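Structure first, commentary second.
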Amino acid sequence: MDKDSELPTIDMLRGLQIWVIEKMKMVGIPEKAYGSFFEGDCYIVLHNKKSSRGLSIDIHYWIGKDSAVDEQGAAAAYTAQLDSLLGDIPVQHREVQGYESDVFKSYFKSGIIYKKGAVASGFKHLETNMYNIQRLLHIKGKKPVSATEVDLCWDSFNKGDVFLLDLGKVLIQWNGPEANLPEKSRGLALARSIRDGERAGRAQIGVVDEERSSADLLQIMETVLGPRVGMLQDAVITDKVDEFQKANLRLYHLYEKDEDLVVQEIATRPLTQDLLQHEDCYILDQGGFRIYVWRGRGSSKEEKKAAFSRAVGFIQAKGYPATTNVEVVNDGFESAMFKQLFQQWTEKGQTEGLGQTYNQAKTAKVEPMKFDVTHLHGWPELAAEQRMVDDGSGKVEVWRIEDLHKKPVDPKKYGQFYGGDCYLVLYTYQKSGRAQYIIYIWQGRHASVDEVTASALNAIELDHMYQEEPTQVRVTMGKEPRHFVAIFKGRLILFQNGTGRDGCADAEPAIRLFQVRGTDEFNTKTEEVPARASSLNSNDVFLLATSQICYLWCGKGCSGDEREMARSVADIISQTDKQTVLEGQEPPSFWEALGGRAPYTSDKRVPEKASSHQPRLFECSHHTGQFIMTEIMFFSQEDLGEDDIMLLDTWEEVFLWIGKDSNTYEKKESVAMAREYLKTHPAGRDPATPIIVVKQGHEPLTFTGWFSAWDPYKWNNGRSYEEMKNNLGDMSAISEMTVELNNISLLQWLSDSGPATPGVAAPLTPSGLPAMAPEALSRAPSSSSSSPSTSYYSGNSNYNSNDLAPSCPMAAATPTAVSTAMPTIPIPVEQLINTTVEDLPEGVDPSRKEGYLSDSDFQDIFGKSKDEFYRMAKWRQQMEKKQHGLF
C-alpha cells in the first residue's frame with residue numbers, strides 16, 4: 001500500500017487488475033470473480049498492454065446503478081491518483097453500468113455479469129455457498145455479452161433474448177423463439193464460463209431451444225419459477241446510438257479567463273490534429289455518445305486534475321444522459337479511439353509511409369529499405385501494410401460491361417481503363433499450392449448508373465462461377481489499390497473520359513496530357529489530366545501527346561526511375577515521335593499545345609506520412625432492423641465467428657469478412673453497411689475508399705496480415721450450433737433429473753434442507769441432485785430418454801476451445817454404461833490425490849481425476865480395473881473416489 005496516497009501496490013506485469021471500493025478503500029478482488037460486478041458498488045479496473053510502441057495503460061472507474069455517491073467520488077479520485085502515480089500516461093475512462101465502452105467490455109471475452117446487491121452483502125456469502133444460488137440472468141449484446149440479474153419470474157422473459165436460470169448445481173439456458181444463432185452460441189459460452197470458473201467444473205448445463213421438445217428441463221424451470229401464465233413479452237429492441245450522431249463532432253477549448261473557466265467551441269467535423277495546442281486542454285464531444293478530455297502536456301496540474309469533473313459538468317450543461325462515456329487522454333498517449341476522430345494523425349518523429357517497408361512489428365518505426373515483394377508470403381504483416389497479396393505475377397482476365405453484360409477485353413489493351421466504362425478484373429494466383437481469386441470491380445467516374453449496377457451484379461455471377469471463393473474489391477476511378485496497380489506491370493493508364501468499346505470510341509482529342517507517377521512496375525500509374533499548363537507538377541513526369549509529336553516532360557523533382565517508367569508508357573499512348581523536354585527548356589510549340597504558359601505546382605513535394613491510425617475490427621448487424629456496429633478491441637482471429645459479418649478498417653482500405661453461416665440478409669447488405677460506415681465516419685472519410693469483400697477460408701494475406709498468428713486451418717473442423725448441441729455428451733442425466741423430480745421436492749434440494757443436516761450439502765447423484773432414499777427409488781417411474789432437441793452435459797472442463805462438447809463426458813448412471821476413454825497422458829498419483837482444483841495440473845477435469853491415472857496405478861488404488869470401476873453405479877463410484885482422495 002502506498003503510504004502517501006493509500007493506493008494499493010500495482011503489479012505492472014499483470015495485464016488486468018480490478019479493485020472494488022469498500023469502506024472508501026480500494027480492495028482487490030480475486031481473478032475468478034473478474035467479469036462479475038455488483039450493482040451496488042464501484043470498481044477500478046487497470047489494464048496494461050505491451051505493444052511495439054511500448055506499454056499502453058487504461059484505467060476505468062465503473063459505477064454500479066445502485067452505488068452510493070460518495071463511493072463514486074472515491075473511485076474518480078483514486079483513478080486520478082493512479083494516473084498521476086503512473087506518470088500521466090494512462091487513458092482514463094468513466095464507465096456506467098450497462099453503457100460501458102467497447103474497450104472495457106473487451107477485457108471480459110466470456111461476458112459481463114451484473115449481480116444484485118454489493119460485495120459486502122453478497123460476495124463473501126457467494127464464495128462460501130457457491131451452490132446455494134437461485135438467480136435468473138438476462139443475456140444480451142454481441143461480443144462480449146452482458147448478463148443482468150433480473151427478477152426470478154416468468155415476467156422477466158421475452159421472445160427475442162436468451163436467459164440463464166442458475167441453480168448452482170444446474171444451469172438451464174432458455175432461448176427465446178426469436179433469438180438468433182449468435183445469441184444462442186454466446187449464451188452457451190457464458191454458461192460454460194460460469195460452470196468452469198465459479199463452479200470449478202462441477203455443474204451441469206441444459207439447453208431449452210423448443211419448449212414442446214424440452215419437457216424435462218421446462219418442468220424444472222416451472223418448479224422454480226412457477227407455472228407460466230399468459231404470453232411471453234415481445235423482444236426488446238435496445239436503443240443504439242445513431243451512426244450519424246457519432247459523426248457529429250464538436251471541439252471545445254478550455255481555458256481560464258479572469259478566474260473563470262471558459263468553454264469555447266472552436267471547430268466541427270472534420271477535425272485536424274493541429275487544432276490541439278500543447279499548453280491547453282480541450283473537450284471533444286462526439287455527438288453526446290462519448291465525451292473526450294484532451295490534456296496538453298503543457299497544461300497545469302490543476303487543469304489535469306479537474307478533467308473528470310469538467311467533463312461531468314459539461315455533460316450536465318448539455319443535458320446529456322448521466323450514462324455518457326467519458327475518456328480522458330493525455331498529450332502523446334492518445335487512444336486509438338481518439339485519434340481516429342481526426343482526418344490525419346501523425347506521431348512525433350514518424351517517417352515516410354508509402355513506398356517504404358515496415359519491420360515485422362506492425363506499428364514499429366519504419367525502416368528505410370526498398371520494398372521487396374519476395375518477402376510477402378513469409379511476412380504477412382508486410383503484405384498487410386503494403387496491401388499486396390503477391391508480386392502481381394498471377395493470371396489477369398479483364399471484361400468490360402457492355403449492354404449490362406460482361407464482354408472480354410482484348411489482352412493487348414489490358415491496363416487501359418476509360419472513365420465512361422466499368423470493368424471486371426479477375427486475378428488468379430497461387431497460395432500454398434491452391435488457386436486464390438480476386439475480383440476487382442472498376443467503376444469509371446463517368447459511367448452510367450445502370451453500368452455501375454450491372455458491374456456489381458456481374459461480379460456476383462462471376463463469384464458464383466468460382467464457388468463464392470473470390471475476394472471482391474470495389475475500385476473507384478483514381479483510387480486504385482496498390483495491388484491493382486501492380487498486376488498491370490506499370491502499364492495502367494486511366495483515360496479521363498470516353499469508352500474503350502469497339503466502334504464506339506469518341507474522337508480522341510487532338511491534344512492530351514498524362515501524368516505518370518511511379519518508380520517501378522509495381523507502383524506506376526498513368527492518369528489523364530486536363531491539357532493545360534496549370535496541370536503540370538515539377539515533381540513528376542508528363543506525356544503531352546499531339547498529332548505530330550509526343551513530348552516527355554521531366555520536372556526538376558523527378559527521378560531517373562520515374563523517367564524510365566514514363567518512356568515505357570509513351571509508346572502505348574502515342575505512336576508519334578517522342579521528344580524529351582526538361583523543365584525550363586521547353587520549346588515554344590510545347591506551350592502552344594497547352595494553350596500558353598500558366599503557373600503550376602513547383603514546390604518540392606512533402607513526403608506522404610504513414611498514418612498512425614490503428615486497424616479496427618467491428619461486428620456488423622442488421623438484426624434489430626437498424627445498422628449496428630460493435631467494435632472488438634484487442635482483436636484476434638478468435639473474434640471472427642462463422643455466423644458473423646466483420647468489418648476491418650485499415651484506414652486505406654475497408655475489409656468485409658463474411659462468415660460461412662452469416663445471415664443472408666446481412667450478406668446482401670454488407671457493402672451498403674460499409675459505405676454507410678465511411679459516409680458517417682467522424683473523421684470525414686473518403687467515400688471512395690476501397691471496400692474489399694473477403695470470404696471465410698479464402699482470406700488474402702492483405703487481410704490475415706493484420707492478425708497475429710493467423711491459423712488457416714482454424715475452421716476445418718468447425719461445427720454449427722446444432723452440431724455442438726447434438727454432441728454435448730451423455731443424455732441420460734436429464735432422465736435421472738426427471739425421475740428424482742417426481743420423488744423429491746426440487747425446492748427442498750435447492751435449499752439443502754429436509755433429510756440432510758441444515759447447512760450441509762446432501763450426497764450428490766450424477767445429475768447433481770441429492771441422493772434419494774431407497775424407498776423413493778423403489779417408487780420412481782422408469783426413466784425415458786430425453787428428446788433430441790434438449791441438450792445437457794455434465795461438469796467437465798476438458799473440452800476443445802472450438803467445440804462446446806466435452807471431450808470425455810461422465811459415465812452414465814446405469815451399471816451397463818462404460819466410459820473409460822480419457823484422451824490424456826497418465827499423471828503421477830501425487831499430483832491427483834487430495835489435490836485442490838487450483839493445484840491440479842492444467843487441463844485436468846476435477847470431476848474425473850481417477851481417469852488420469854495409469855492402468856497400474858488405478859488397479860493399486862481401487863483394487864479393480866477401470867472397466868470394472870465404470871460398470872458400478874454412479875453413487876458407488878463417487879463413494880470410492882472420496883475414500884481415496886480423488887473426489
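We name chains A, B, ... following the order of the C-alpha cells; residues begin at 1 in each chain, and ligands are numbered from 1 as shown.
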Name the residues of range 479-594 of chain A that fall into strand (DSSP E) according to DSSP on the backbone, using the chain letters and numbers of this document, as a compact mmCIF listing (two decimals) with C-alpha atoms, in the first residue's frame.
# COMPACT_ATOMS: atom_id res chain seq x y z
CA LEU A 492 -2.02 1.04 -66.07
CA ILE A 493 -3.46 4.02 -67.95
CA LEU A 494 -6.63 5.87 -66.93
CA PHE A 495 -8.33 7.85 -69.71
CA ARG A 512 -3.90 15.02 -74.43
CA LEU A 513 -1.83 15.34 -71.25
CA PHE A 514 -0.96 12.42 -68.98
CA GLN A 515 0.69 12.46 -65.56
CA VAL A 516 2.99 9.47 -64.88
CA ARG A 517 3.73 8.61 -61.25
CA LYS A 525 0.09 4.60 -62.76
CA THR A 526 -0.59 6.95 -65.65
CA GLU A 527 -3.61 9.22 -65.44
CA GLU A 528 -5.01 11.69 -67.96
CA VAL A 529 -5.32 15.27 -66.69
CA VAL A 541 6.90 13.27 -65.46
CA PHE A 542 4.15 14.19 -68.01
CA LEU A 543 3.37 12.98 -71.51
CA LEU A 544 1.93 15.61 -73.86
CA ALA A 545 0.53 13.85 -76.95
CA ILE A 549 4.75 14.57 -81.60
CA CYS A 550 4.68 13.25 -78.04
CA TYR A 551 6.63 15.32 -75.51
CA LEU A 552 8.09 13.57 -72.46
CA TRP A 553 8.29 16.48 -69.97
CA CYS A 554 10.52 15.84 -66.95
CA ASP A 577 7.85 10.55 -82.47
CA LYS A 578 8.97 11.12 -78.87
CA GLN A 579 10.88 14.14 -77.63
CA THR A 580 12.27 14.51 -74.09
CA VAL A 581 11.84 18.00 -72.64
CA LEU A 582 13.41 19.16 -69.38
If we count only C-alpha atoms, what is near Ile194 in chain A at a cut-off of 12 Å, once residues fewer than 4 positions away on the same chain are taken out, given as a ChimeraX atom specification?
/A:32-36,110-113,130-131,137,147,164-172,187-190,198-205,795,797
Writing out the chosen residues with C-alpha atoms as an mmCIF file, in the first residue's frame:
data_model
loop_
_atom_site.group_PDB
_atom_site.id
_atom_site.type_symbol
_atom_site.label_atom_id
_atom_site.label_comp_id
_atom_site.auth_asym_id
_atom_site.auth_seq_id
_atom_site.Cartn_x
_atom_site.Cartn_y
_atom_site.Cartn_z
ATOM 1 C CA LYS A 32 -12.035 -15.813 -10.660
ATOM 2 C CA ALA A 33 -14.516 -13.012 -9.881
ATOM 3 C CA TYR A 34 -13.331 -10.859 -12.820
ATOM 4 C CA GLY A 35 -16.240 -10.029 -15.097
ATOM 5 C CA SER A 36 -18.853 -10.047 -12.299
ATOM 6 C CA SER A 110 -16.928 -14.520 -21.977
ATOM 7 C CA GLY A 111 -19.226 -11.671 -20.976
ATOM 8 C CA ILE A 112 -20.066 -9.334 -18.097
ATOM 9 C CA ILE A 113 -22.433 -10.357 -15.285
ATOM 10 C CA MET A 130 -21.259 -21.341 -4.371
ATOM 11 C CA TYR A 131 -24.024 -23.911 -4.994
ATOM 12 C CA LEU A 137 -29.644 -13.847 -15.880
ATOM 13 C CA ALA A 147 -25.810 -10.757 -18.313
ATOM 14 C CA LEU A 164 -29.882 -18.409 -17.979
ATOM 15 C CA LEU A 165 -31.541 -19.936 -14.912
ATOM 16 C CA ASP A 166 -28.686 -20.519 -12.492
ATOM 17 C CA LEU A 167 -29.497 -23.036 -9.756
ATOM 18 C CA GLY A 168 -25.928 -23.517 -8.578
ATOM 19 C CA LYS A 169 -25.557 -27.170 -9.464
ATOM 20 C CA VAL A 170 -27.599 -26.847 -12.646
ATOM 21 C CA LEU A 171 -27.595 -24.114 -15.313
ATOM 22 C CA ILE A 172 -30.540 -24.037 -17.709
ATOM 23 C CA GLY A 187 -25.239 -17.683 -24.137
ATOM 24 C CA LEU A 188 -23.808 -21.205 -24.174
ATOM 25 C CA ALA A 189 -20.274 -19.794 -23.926
ATOM 26 C CA LEU A 190 -21.256 -17.720 -20.879
ATOM 27 C CA GLU A 198 -17.382 -20.135 -10.458
ATOM 28 C CA ARG A 199 -18.315 -23.813 -10.079
ATOM 29 C CA ALA A 200 -14.900 -25.376 -10.764
ATOM 30 C CA GLY A 201 -16.478 -27.569 -13.447
ATOM 31 C CA ARG A 202 -18.993 -29.162 -11.022
ATOM 32 C CA ALA A 203 -22.244 -28.001 -12.536
ATOM 33 C CA GLN A 204 -24.399 -29.281 -15.359
ATOM 34 C CA ILE A 205 -25.905 -27.323 -18.249
ATOM 35 C CA GLY A 795 -19.488 -30.626 -15.356
ATOM 36 C CA SER A 797 -13.669 -28.731 -18.312
#
So how far away is CA of Thr272 in chain A from CA of Asp649 in chain A, in Å?
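That distance, rounded to one decimal, is 19.7 Å.
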Given the choices A:Arg445, A:Lys159, A:Arg563, A:Arg250, which gets closest to Gln264 in chain A if the distance is worked out from only C-alpha atoms?
A:Arg250
Mind checking DSSP for range 450-502 of chain A and telling me the helix (DSSP H, G or I) residues as number ranges by chain?
A: 450-465, 482-486
Straight-line distance linking CA of Leu249 in chain A with CA of Val91 in chain A, stated in Å to one decimal:
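Going from CA of Leu249 in chain A over to CA of Val91 in chain A covers 20.0 Å.
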Close residues, Glu265 in chain A itself excluded, 9 Å, only C-alpha atoms, min 3 positions apart in chain, as an MDAnalysis selection string:
chainID A and resid 250:253 268
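When CA of Gly392 in chain A is paired with CA of Asn497 in chain A, their separation reads 26.9 Å.
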Closest to Tyr61 in chain A among A:Tyr43, A:Phe289, A:Phe163, A:Phe703, using only C-alpha atoms?
A:Tyr43
Shell of 12 Å around Asp11 in chain A, only C-alpha atoms, local chain residues under 3 positions omitted, as a ChimeraX atom specification:
/A:1,8,14-18,28,46-48,86
Can you build me a table of range 168-204 of chain A residues sitting at most 10 Å from range 223-234 of chain A, with the closest atom pair per residue and its distance in Å to one decimal, using only C-alpha atoms, sorted by chain and residue number, as a Markdown table?
| residue | atom | partner | partner_atom | distance |
| --- | --- | --- | --- | --- |
| A:Gly176 | CA | A:Leu232 | CA | 9.2 |
| A:Pro177 | CA | A:Leu232 | CA | 9.9 |
| A:Glu178 | CA | A:Asp234 | CA | 9.2 |
Shell around Ser300 in chain A at 10 Å using only C-alpha atoms, local window under 5 positions removed, as a list in words:
Glu279, Asp280, Cys281, Arg295 and Lys305 of chain A
Got a sec: who's within 8 Å of Met633 in chain A, counting only C-alpha atoms, leaving out chain neighbours fewer than 4 positions off, as number ranges by chain?
A: 102-103, 106, 616-617
